[in-house]
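File shown here: coords_0.csv, holding CSV, C-alpha atoms and all ligand atoms.
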chain,number,residue,atom,x,y,z
A,1,MET,CA,39.1,-5.3,-85.4
A,2,ASP,CA,38.6,-1.6,-84.9
A,3,ASP,CA,34.9,-2.1,-85.7
A,4,LEU,CA,34.7,-4.8,-83.1
A,5,ARG,CA,36.4,-2.6,-80.5
A,6,ASP,CA,34.0,0.3,-81.2
A,7,LYS,CA,31.0,-1.9,-81.2
A,8,TYR,CA,31.7,-3.6,-77.9
A,9,LEU,CA,33.2,-0.6,-76.0
A,10,THR,CA,30.2,1.5,-76.9
A,11,ALA,CA,27.7,-1.3,-75.9
A,12,ILE,CA,29.6,-1.9,-72.6
A,13,ALA,CA,29.5,1.8,-71.7
A,14,ALA,CA,25.7,1.8,-72.4
A,15,ALA,CA,24.9,-1.4,-70.5
A,16,ALA,CA,22.1,-0.8,-68.0
A,17,ASP,CA,22.7,-3.7,-65.6
A,18,GLU,CA,24.9,-6.7,-64.9
A,19,ALA,CA,22.7,-9.0,-67.0
A,20,ALA,CA,23.2,-6.9,-70.1
A,21,LEU,CA,26.9,-6.8,-69.3
A,22,GLU,CA,27.0,-10.6,-69.1
A,23,ASP,CA,25.3,-10.9,-72.5
A,24,LEU,CA,27.9,-8.7,-74.0
A,25,ARG,CA,30.7,-10.7,-72.4
A,26,VAL,CA,29.3,-13.9,-74.0
A,27,GLN,CA,28.9,-12.2,-77.4
A,28,ALA,CA,32.4,-10.8,-77.5
A,29,VAL,CA,34.8,-13.0,-75.6
A,30,GLY,CA,32.7,-16.1,-74.7
A,31,LYS,CA,33.7,-19.4,-76.2
A,32,LYS,CA,31.7,-18.7,-79.4
A,33,GLY,CA,32.0,-14.9,-79.1
A,34,GLU,CA,33.1,-12.7,-82.0
A,35,VAL,CA,36.6,-12.1,-80.7
A,36,SER,CA,37.1,-15.8,-79.9
A,37,LEU,CA,36.1,-16.7,-83.4
A,38,GLN,CA,38.6,-14.3,-84.8
A,39,MET,CA,41.3,-15.9,-82.7
A,40,ARG,CA,40.4,-19.2,-84.2
A,41,GLU,CA,41.0,-17.7,-87.6
A,42,LEU,CA,44.7,-17.2,-86.6
A,43,GLY,CA,45.5,-20.8,-87.4
A,44,LYS,CA,44.6,-20.3,-91.0
A,45,MET,CA,47.0,-17.3,-91.4
A,46,THR,CA,50.6,-17.3,-92.5
A,47,ALA,CA,53.2,-16.8,-89.8
A,48,GLU,CA,53.8,-13.2,-90.7
A,49,GLU,CA,50.1,-12.4,-90.7
A,50,ARG,CA,49.7,-14.1,-87.4
A,51,GLN,CA,52.5,-12.1,-85.9
A,52,VAL,CA,50.6,-8.9,-86.6
A,53,ALA,CA,47.1,-10.1,-85.9
A,54,GLY,CA,47.8,-12.3,-82.8
A,55,PRO,CA,49.0,-9.5,-80.4
A,56,LYS,CA,46.3,-7.1,-81.7
A,57,LEU,CA,43.5,-9.7,-81.0
A,58,ASN,CA,45.0,-10.4,-77.6
A,59,ALA,CA,45.1,-6.7,-76.9
A,60,LEU,CA,41.5,-6.3,-78.0
A,61,LYS,CA,40.4,-9.2,-75.8
A,62,ASP,CA,42.2,-7.6,-72.8
A,63,GLU,CA,40.7,-4.2,-73.6
A,64,ILE,CA,37.1,-5.6,-73.7
A,65,ASN,CA,37.7,-7.6,-70.5
A,66,SER,CA,38.9,-4.6,-68.6
A,67,ALA,CA,36.0,-2.5,-70.0
A,68,LEU,CA,33.6,-5.2,-68.7
A,69,ALA,CA,35.3,-5.3,-65.3
A,70,ALA,CA,35.3,-1.5,-65.0
A,71,LYS,CA,31.6,-1.3,-66.0
A,72,LYS,CA,30.7,-4.1,-63.6
A,73,GLN,CA,32.4,-2.2,-60.8
A,74,ALA,CA,30.6,1.0,-61.7
A,75,LEU,CA,27.2,-0.7,-61.9
A,76,GLY,CA,27.9,-2.3,-58.4
A,77,ASP,CA,28.8,1.1,-56.9
A,78,ALA,CA,25.7,2.7,-58.3
A,79,ALA,CA,23.5,-0.1,-57.0
A,80,LEU,CA,25.1,0.2,-53.5
A,81,ASP,CA,24.6,4.0,-53.6
A,82,GLU,CA,21.0,3.5,-54.4
A,83,ARG,CA,20.5,1.0,-51.6
A,84,LEU,CA,22.3,3.2,-49.1
A,85,LYS,CA,20.0,6.0,-50.1
A,86,THR,CA,16.8,4.0,-49.5
A,87,GLU,CA,17.9,2.1,-46.5
A,88,TRP,CA,19.3,5.1,-44.7
A,89,LEU,CA,19.0,4.9,-40.9
A,90,ASP,CA,19.5,7.7,-38.4
A,91,VAL,CA,21.3,5.9,-35.6
A,92,THR,CA,21.2,9.1,-33.5
A,93,LEU,CA,17.3,8.8,-33.2
A,94,PRO,CA,16.3,8.0,-29.6
A,95,GLY,CA,15.4,4.3,-29.2
A,96,HIS,CA,12.0,2.9,-28.3
A,97,ARG,CA,11.7,2.8,-24.5
A,98,ARG,CA,10.4,-0.5,-23.2
A,99,ARG,CA,7.4,0.0,-21.0
A,100,PRO,CA,8.2,-1.4,-17.6
A,101,GLY,CA,5.5,-3.2,-15.7
A,102,THR,CA,3.8,-1.5,-12.7
A,103,ILE,CA,3.0,-2.4,-9.1
A,104,HIS,CA,-0.7,-3.0,-8.6
A,105,PRO,CA,-2.3,-0.6,-6.2
A,106,ILE,CA,-3.2,-3.5,-3.9
A,107,SER,CA,0.4,-4.5,-3.6
A,108,GLN,CA,1.5,-0.9,-3.1
A,109,VAL,CA,-1.0,-0.3,-0.4
A,110,THR,CA,-0.2,-3.6,1.3
A,111,GLU,CA,3.5,-2.6,1.4
A,112,GLU,CA,2.5,0.8,2.7
A,113,VAL,CA,0.4,-0.7,5.5
A,114,ALA,CA,3.2,-3.2,6.4
A,115,ALA,CA,5.8,-0.3,6.5
A,116,ILE,CA,3.6,1.7,8.9
A,117,PHE,CA,2.9,-1.1,11.3
A,118,ALA,CA,6.5,-2.4,11.1
A,119,ASP,CA,7.4,1.0,12.6
A,120,MET,CA,5.1,0.2,15.5
A,121,GLY,CA,6.6,-3.2,16.1
A,122,PHE,CA,4.2,-5.4,14.2
A,123,SER,CA,5.5,-8.2,12.1
A,124,VAL,CA,3.6,-9.7,9.1
A,125,ALA,CA,1.8,-13.1,9.5
A,126,GLU,CA,0.0,-15.2,6.9
A,127,GLY,CA,-2.5,-18.0,6.8
A,128,PRO,CA,-4.2,-20.2,4.3
A,129,GLN,CA,-7.0,-19.0,2.0
A,130,VAL,CA,-8.7,-22.3,2.1
A,131,GLU,CA,-9.5,-22.4,5.8
A,132,SER,CA,-11.2,-24.9,8.1
A,133,ASP,CA,-14.6,-24.1,9.4
A,134,TRP,CA,-13.2,-24.1,12.9
A,135,TYR,CA,-10.5,-21.4,12.3
A,136,ASN,CA,-12.8,-19.2,10.2
A,137,PHE,CA,-15.8,-19.4,12.5
A,138,ASP,CA,-15.8,-21.5,15.8
A,139,ALA,CA,-12.5,-20.4,17.1
A,140,LEU,CA,-13.6,-16.8,16.5
A,141,ASN,CA,-16.6,-17.3,18.7
A,142,ILE,CA,-19.0,-17.8,15.7
A,143,PRO,CA,-20.8,-21.0,16.5
A,144,GLY,CA,-22.7,-23.1,14.0
A,145,HIS,CA,-26.0,-21.4,14.4
A,146,HIS,CA,-24.6,-17.8,14.5
A,147,PRO,CA,-26.2,-15.4,11.9
A,148,ALA,CA,-22.8,-14.1,11.0
A,149,ARG,CA,-22.1,-17.3,9.1
A,150,ALA,CA,-25.0,-16.6,6.8
A,151,GLU,CA,-24.2,-12.9,6.6
A,152,MET,CA,-20.8,-13.5,5.3
A,153,ASP,CA,-22.0,-15.2,2.0
A,154,THR,CA,-19.4,-17.9,2.5
A,155,PHE,CA,-18.0,-20.0,-0.3
A,156,TYR,CA,-17.9,-23.6,0.8
A,157,MET,CA,-15.5,-26.2,-0.6
A,158,HIS,CA,-16.7,-29.6,-1.8
A,159,ARG,CA,-16.8,-32.6,0.5
A,160,ALA,CA,-17.0,-36.2,-0.8
A,161,GLU,CA,-20.5,-37.8,-0.6
A,162,GLY,CA,-21.0,-39.3,2.9
A,163,ASP,CA,-18.2,-37.2,4.5
A,164,GLU,CA,-20.0,-35.6,7.5
A,165,ARG,CA,-17.2,-33.2,8.5
A,166,PRO,CA,-18.0,-29.6,8.0
A,167,PRO,CA,-16.6,-28.4,4.6
A,168,HIS,CA,-13.6,-26.1,4.4
A,169,VAL,CA,-14.4,-22.6,3.3
A,170,LEU,CA,-12.6,-19.8,1.4
A,171,ARG,CA,-11.8,-17.7,4.4
A,172,THR,CA,-14.3,-14.8,4.7
A,173,HIS,CA,-11.9,-12.6,6.6
A,174,THR,CA,-8.3,-12.5,7.8
A,175,SER,CA,-9.3,-13.1,11.4
A,176,PRO,CA,-8.5,-16.8,11.4
A,177,VAL,CA,-4.8,-15.7,11.2
A,178,GLN,CA,-5.3,-14.3,14.7
A,179,ILE,CA,-5.9,-17.8,16.0
A,180,ARG,CA,-3.1,-19.4,14.0
A,181,SER,CA,-0.6,-16.7,15.2
A,182,MET,CA,-1.6,-17.1,18.8
A,183,GLN,CA,-1.2,-20.8,18.6
A,184,ASP,CA,2.1,-20.6,16.9
A,185,HIS,CA,3.7,-17.8,18.9
A,186,GLY,CA,1.8,-17.4,22.2
A,187,ALA,CA,1.7,-14.0,24.0
A,188,PRO,CA,2.8,-11.3,23.9
A,189,ILE,CA,2.2,-10.8,20.2
A,190,ARG,CA,2.0,-8.0,17.6
A,191,ILE,CA,1.2,-9.0,14.1
A,192,ILE,CA,-0.6,-7.8,11.0
A,193,ALA,CA,-2.0,-10.3,8.5
A,194,PRO,CA,-2.7,-9.0,5.0
A,195,GLY,CA,-4.2,-11.3,2.4
A,196,ARG,CA,-7.1,-12.4,0.2
A,197,VAL,CA,-10.5,-13.1,1.5
A,198,TYR,CA,-13.7,-14.3,-0.2
A,199,ARG,CA,-17.4,-13.5,-0.1
A,200,ALA,CA,-20.1,-14.1,-2.6
A,201,ASP,CA,-20.9,-10.5,-3.4
A,202,TYR,CA,-20.4,-8.4,-6.6
A,203,ASP,CA,-21.1,-4.7,-7.3
A,204,GLN,CA,-19.1,-1.4,-7.7
A,205,THR,CA,-17.6,-1.7,-4.2
A,206,HIS,CA,-17.7,-5.5,-3.7
A,207,THR,CA,-15.8,-8.3,-5.5
A,208,PRO,CA,-16.0,-12.0,-4.6
A,209,MET,CA,-12.3,-11.9,-3.8
A,210,PHE,CA,-10.9,-8.9,-1.9
A,211,HIS,CA,-8.2,-8.0,0.5
A,212,GLN,CA,-8.0,-7.3,4.2
A,213,VAL,CA,-5.3,-6.6,6.7
A,214,GLU,CA,-5.8,-8.0,10.2
A,215,GLY,CA,-4.1,-6.5,13.2
A,216,LEU,CA,-3.6,-8.2,16.5
A,217,ALA,CA,-1.7,-7.0,19.6
A,218,ILE,CA,-1.8,-9.0,22.8
A,219,ASP,CA,0.1,-8.1,26.0
A,220,LYS,CA,-0.5,-7.7,29.8
A,221,ASP,CA,-1.9,-4.2,29.8
A,222,ILE,CA,-3.4,-3.5,26.4
A,223,SER,CA,-6.5,-1.2,26.4
A,224,MET,CA,-8.9,0.5,24.0
A,225,ALA,CA,-6.7,3.6,24.3
A,226,ASN,CA,-3.8,1.7,22.7
A,227,LEU,CA,-6.1,0.6,19.9
A,228,LYS,CA,-7.2,4.1,19.3
A,229,TRP,CA,-3.7,5.5,19.3
A,230,CYS,CA,-2.4,2.8,16.9
A,231,LEU,CA,-5.3,3.3,14.5
A,232,GLU,CA,-4.9,7.1,14.5
A,233,GLU,CA,-1.2,6.9,13.9
A,234,PHE,CA,-1.9,4.4,11.1
A,235,VAL,CA,-4.5,6.5,9.4
A,236,LYS,CA,-2.4,9.7,9.6
A,237,ALA,CA,0.6,7.9,8.1
A,238,PHE,CA,-1.3,6.1,5.5
A,239,PHE,CA,-3.3,9.1,4.1
A,240,GLU,CA,-0.2,11.2,4.6
A,241,VAL,CA,-2.1,13.9,6.5
A,242,ASP,CA,-1.1,15.6,9.8
A,243,ASP,CA,-4.6,15.6,11.3
A,244,VAL,CA,-7.4,13.1,11.2
A,245,GLU,CA,-10.4,12.7,13.3
A,246,LEU,CA,-11.6,9.2,13.9
A,247,ARG,CA,-15.0,8.2,15.2
A,248,PHE,CA,-15.3,5.0,17.2
A,249,ARG,CA,-18.8,3.8,16.8
A,250,ALA,CA,-20.1,1.0,19.1
A,251,SER,CA,-20.6,-2.1,17.1
A,252,HIS,CA,-20.7,-5.9,17.4
A,253,PHE,CA,-18.4,-8.6,16.3
A,254,PRO,CA,-18.5,-12.1,17.9
A,255,PHE,CA,-14.7,-12.1,18.3
A,256,THR,CA,-14.3,-8.7,20.1
A,257,GLU,CA,-15.8,-7.3,23.2
A,258,PRO,CA,-16.3,-4.3,23.2
A,259,SER,CA,-16.3,-3.8,19.5
A,260,ALA,CA,-16.1,-0.6,17.5
A,261,GLU,CA,-16.3,0.4,13.9
A,262,VAL,CA,-14.1,3.2,13.0
A,263,ASP,CA,-15.1,6.1,10.7
A,264,ILE,CA,-12.9,8.8,9.4
A,265,ARG,CA,-13.9,12.4,9.0
A,266,CYS,CA,-14.0,13.4,5.3
A,267,SER,CA,-15.6,15.7,2.8
A,268,TRP,CA,-17.0,14.8,-0.6
A,269,GLU,CA,-17.1,18.4,-1.9
A,270,GLY,CA,-16.9,18.8,-5.6
A,271,GLY,CA,-17.2,15.1,-6.0
A,272,THR,CA,-13.7,14.4,-4.7
A,273,LEU,CA,-12.9,12.8,-1.4
A,274,LYS,CA,-10.8,14.7,1.1
A,275,ILE,CA,-9.6,13.0,4.3
A,276,GLY,CA,-9.4,15.0,7.6
A,277,GLU,CA,-11.9,17.7,6.9
A,278,GLY,CA,-15.7,18.2,6.2
A,279,ASP,CA,-18.9,16.9,7.7
A,280,ASP,CA,-19.0,13.4,6.4
A,281,TRP,CA,-17.9,10.1,8.0
A,282,LEU,CA,-16.6,7.1,6.1
A,283,GLU,CA,-16.3,3.6,7.6
A,284,ILE,CA,-12.9,2.1,7.1
A,285,LEU,CA,-12.5,-0.7,9.6
A,286,GLY,CA,-13.8,-3.0,12.3
A,287,SER,CA,-12.0,-3.4,15.7
A,288,GLY,CA,-12.3,-4.2,19.4
A,289,MET,CA,-10.8,-5.9,22.4
A,290,VAL,CA,-10.2,-9.6,21.7
A,291,HIS,CA,-12.9,-11.8,23.2
A,292,PRO,CA,-11.8,-14.1,26.0
A,293,HIS,CA,-13.2,-17.1,24.0
A,294,VAL,CA,-10.9,-16.2,21.1
A,295,LEU,CA,-7.8,-16.0,23.3
A,296,ARG,CA,-8.7,-19.4,24.6
A,297,SER,CA,-9.0,-20.8,21.1
A,298,GLY,CA,-5.5,-19.5,20.6
A,299,ASN,CA,-4.3,-21.2,23.8
A,300,ILE,CA,-3.8,-17.9,25.6
A,301,ASP,CA,-5.0,-17.4,29.1
A,302,PRO,CA,-7.5,-14.5,29.1
A,303,ASP,CA,-7.0,-13.9,32.9
A,304,GLN,CA,-3.4,-13.0,32.2
A,305,TRP,CA,-3.5,-11.5,28.7
A,306,GLN,CA,-5.6,-9.1,26.8
A,307,GLY,CA,-5.4,-7.4,23.4
A,308,PHE,CA,-7.0,-5.6,20.6
A,309,ALA,CA,-7.7,-6.6,17.0
A,310,PHE,CA,-8.8,-4.8,13.9
A,311,GLY,CA,-9.6,-5.6,10.3
A,312,VAL,CA,-9.2,-3.1,7.4
A,313,GLY,CA,-10.3,-3.5,3.9
A,314,ILE,CA,-7.2,-3.0,1.8
A,315,ASP,CA,-9.1,-2.4,-1.5
A,316,ARG,CA,-11.3,0.1,0.3
A,317,ILE,CA,-8.4,2.3,1.6
A,318,ALA,CA,-6.6,1.9,-1.7
A,319,MET,CA,-9.7,3.3,-3.5
A,320,LEU,CA,-9.9,6.2,-1.0
A,321,LYS,CA,-6.3,7.1,-1.0
A,322,TYR,CA,-5.7,6.9,-4.8
A,323,GLY,CA,-9.2,8.0,-6.0
A,324,ILE,CA,-10.1,4.8,-7.8
A,325,PRO,CA,-13.9,4.7,-8.3
A,326,ASP,CA,-14.7,1.1,-9.2
A,327,LEU,CA,-13.3,-1.8,-7.2
A,328,ARG,CA,-14.1,-4.3,-10.0
A,329,ALA,CA,-11.5,-2.7,-12.3
A,330,PHE,CA,-8.8,-3.8,-9.8
A,331,PHE,CA,-9.1,-7.3,-11.0
A,332,ASP,CA,-9.7,-6.8,-14.8
A,333,SER,CA,-6.0,-6.8,-15.6
A,334,ASP,CA,-6.6,-4.0,-18.1
A,335,LEU,CA,-3.1,-2.7,-19.1
A,336,ARG,CA,-4.4,0.8,-19.6
A,337,TRP,CA,-5.8,0.8,-16.0
A,338,LEU,CA,-2.6,-0.8,-14.6
A,339,ARG,CA,-0.4,1.9,-16.3
A,340,HIS,CA,-2.7,4.6,-15.0
A,341,TYR,CA,-3.1,3.5,-11.4
A,342,GLY,CA,0.1,1.3,-11.1
A,343,PHE,CA,3.2,2.3,-9.2
A,344,ALA,CA,6.9,2.4,-10.3
A,345,ASN,CA,8.4,-0.9,-9.5
A,346,LEU,CA,11.5,0.5,-7.6
A,347,ASP,CA,9.6,2.9,-5.4
A,348,VAL,CA,9.4,0.7,-2.4
A,349,PRO,CA,7.2,2.5,0.3
A,350,THR,CA,9.1,3.4,3.5
A,351,LEU,CA,8.3,5.8,6.2
A,352,HIS,CA,11.5,7.7,5.8
A,353,GLY,CA,11.5,7.7,2.0
A,354,GLY,CA,7.8,8.5,1.6
A,355,LEU,CA,5.0,6.1,1.2
A,356,SER,CA,3.5,6.9,-2.2
A,357,ARG,CA,6.0,9.2,-3.9
B,401,LIG,N1,-13.2,-9.7,10.6
B,401,LIG,C1,-14.0,-8.6,10.6
B,401,LIG,C2,-14.6,-8.4,9.2
B,401,LIG,O1,-14.2,-9.1,8.3
B,401,LIG,C3,-13.2,-7.3,10.9
B,401,LIG,C4,-12.6,-7.3,12.3
B,401,LIG,C5,-11.4,-7.8,12.5
B,401,LIG,C6,-13.4,-6.7,13.3
B,401,LIG,C7,-10.9,-7.8,13.8
B,401,LIG,C8,-12.9,-6.7,14.6
B,401,LIG,C9,-11.7,-7.2,14.9
B,401,LIG,O2,-15.6,-7.7,9.0

Here is the file; what I need is its structure written in the form of structure tokens.
Amino acid sequence: MDDLRDKYLTAIAAAADEAALEDLRVQAVGKKGEVSLQMRELGKMTAEERQVAGPKLNALKDEINSALAAKKQALGDAALDERLKTEWLDVTLPGHRRRPGTIHPISQVTEEVAAIFADMGFSVAEGPQVESDWYNFDALNIPGHHPARAEMDTFYMHRAEGDERPPHVLRTHTSPVQIRSMQDHGAPIRIIAPGRVYRADYDQTHTPMFHQVEGLAIDKDISMANLKWCLEEFVKAFFEVDDVELRFRASHFPFTEPSAEVDIRCSWEGGTLKIGEGDDWLEILGSGMVHPHVLRSGNIDPDQWQGFAFGVGIDRIAMLKYGIPDLRAFFDSDLRWLRHYGFANLDVPTLHGGLSR
């Protein structure tokens, strides 16, 4: 019995893992284990012998069982220690910040423009992007034969075979919203109409879809002077400069008379654009006094009312203000570009809080 005890206690102490321990348990105290076999021998003994051997064997069995349990516990603890060492995690490390999305420069600039004109009493109007030929052209004093139709590289919608009506178009400018707003609200009126417009053109400064913001102010006594003041206030606020010089250059649009294109004084020194200084001029918008025909299309009496209108390229002024060199990149949805040029999503532009900070 002493030999058995020494044999198993030594083996248990040396067991490397739980599998080895289980083998030892089977060998010693399993059904056919050495200790169990010894216990079976008890039946062949005399009563006196049994009285001595019985308790000793039981004690040996208990001793081996407790040694097995203790070793099992020790092996378990060691395994846990090992795992804790390898799976160690520093919960005090800073977490990974999720990258928030950004506001596209077009959206940002549209908000900025709306904030500036809201301050001058203009509300925001909208119109459809698929527009009828009449709203996009005729109502704006651009009759069927007018060269402006060809110049605008218009996208035409499909008409069924045999349908003789003029096809709808993807609007080539936001000016049709002038007509819709006049029809809906009458005079007096003060609106801006930002939105998408379409022309078949594609290079570094042209994309087939781009953005304009239309302006329209109609009242009893509106003059070119009001137009000039409004645009100067707008440009100063938008480019966040105290002084700008605008140049009104005589031009021609079928829907305004007189018409003027507006240039802004700037410099290109050192390859960067500066607004408000220098010897260069940069065209930023078209404008003029609303043509009487156009007022009539909008059901407004040109003998009683007059007004000004203008159209600004949103993408253009976004490129200028934020130094973005290629217009095409605006619409590539490249995340790196969006992160670089995009705006924080909670920085809503306001005049009092700052437009672009
Ligand atoms: N609709 C003109 C364009 O797209 C811009 C414009 C609008 C000019 C209003 C004058 C008045 O070029």

Do you have the atom C8 of ligand LIG 401 (chain B)-CA of Phe310 in chain A distance handy?
->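 Atom-to-atom, atom C8 of ligand LIG 401 (chain B) and CA of Phe310 in chain A are spaced 4.6 Å apart.
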
Which value, in Å to one decimal, gives the distance between CA of Thr350 in chain A and CA of Ile106 in chain A?
-> 15.9 Å

Fewer than 2 positions away in the same chain doesn't count, so skip those; otherwise give me all residues within 9 Å of Asp280 in chain A, counting all atoms listed in the file, as a list in words.
-> Ile264, Arg265, Cys266, Ser267, Trp268, Glu277, Gly278 and Leu282 of chain A

Skip range 70-87 of chain A itself and residues of its chain fewer than 5 positions away, then list as a short mmCIF file (atom, residue, chain, number, x, y, z; two decimals) with C-alpha atoms, keeping the file's coordinate frame all residues within 9 Å of it, counting only C-alpha atoms.
data_model
loop_
_atom_site.label_atom_id
_atom_site.label_comp_id
_atom_site.auth_asym_id
_atom_site.auth_seq_id
_atom_site.Cartn_x
_atom_site.Cartn_y
_atom_site.Cartn_z
CA ILE A 12 29.60 -1.90 -72.60
CA ALA A 13 29.50 1.80 -71.70
CA ALA A 15 24.90 -1.40 -70.50
CA ALA A 16 22.10 -0.80 -68.00
CA ASP A 17 22.70 -3.70 -65.60
CA GLU A 18 24.90 -6.70 -64.90
CA LEU A 21 26.90 -6.80 -69.30
CA ASN A 65 37.70 -7.60 -70.50
#

Expressed in Å, the length from CA of Leu327 in chain A to CA of Thr256 in chain A is 28.2 Å

Enumerate as a ChimeraX atom specification the residues within 9 Å of ligand LIG 401 (chain B), counting only C-alpha atoms and all ligand atoms.
-> /A:152,172-176,178,197,212-216,252-256,259-261,285-290,308-313

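Among A:Glu232, A:Glu131, A:Glu269, A:Asp263, the residue with the shortest atom-to-atom distance to Glu283 in chain A, counting all atoms listed in the file, is A:Asp263.
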
Which residues, written as a PDB file with C-alpha atoms, keeping the file's coordinate frame, have at least one atom at most 10 Å from Asp203 in chain A, with only C-alpha atoms counted and residues fewer than 3 positions away on the same chain left out?
ATOM      1  CA  HIS A 206     -17.700  -5.500  -3.700  1.00  0.00           C
ATOM      2  CA  THR A 207     -15.800  -8.300  -5.500  1.00  0.00           C
ATOM      3  CA  PRO A 208     -16.000 -12.000  -4.600  1.00  0.00           C
ATOM      4  CA  ASP A 326     -14.700   1.100  -9.200  1.00  0.00           C
ATOM      5  CA  LEU A 327     -13.300  -1.800  -7.200  1.00  0.00           C
ATOM      6  CA  ARG A 328     -14.100  -4.300 -10.000  1.00  0.00           C
TER       7      ARG A 328
END

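Nearest residue to Tyr322 in chain A, choosing from A:His104, A:Lys61, A:Arg180, A:Arg98 and counting all atoms listed in the file: A:His104.
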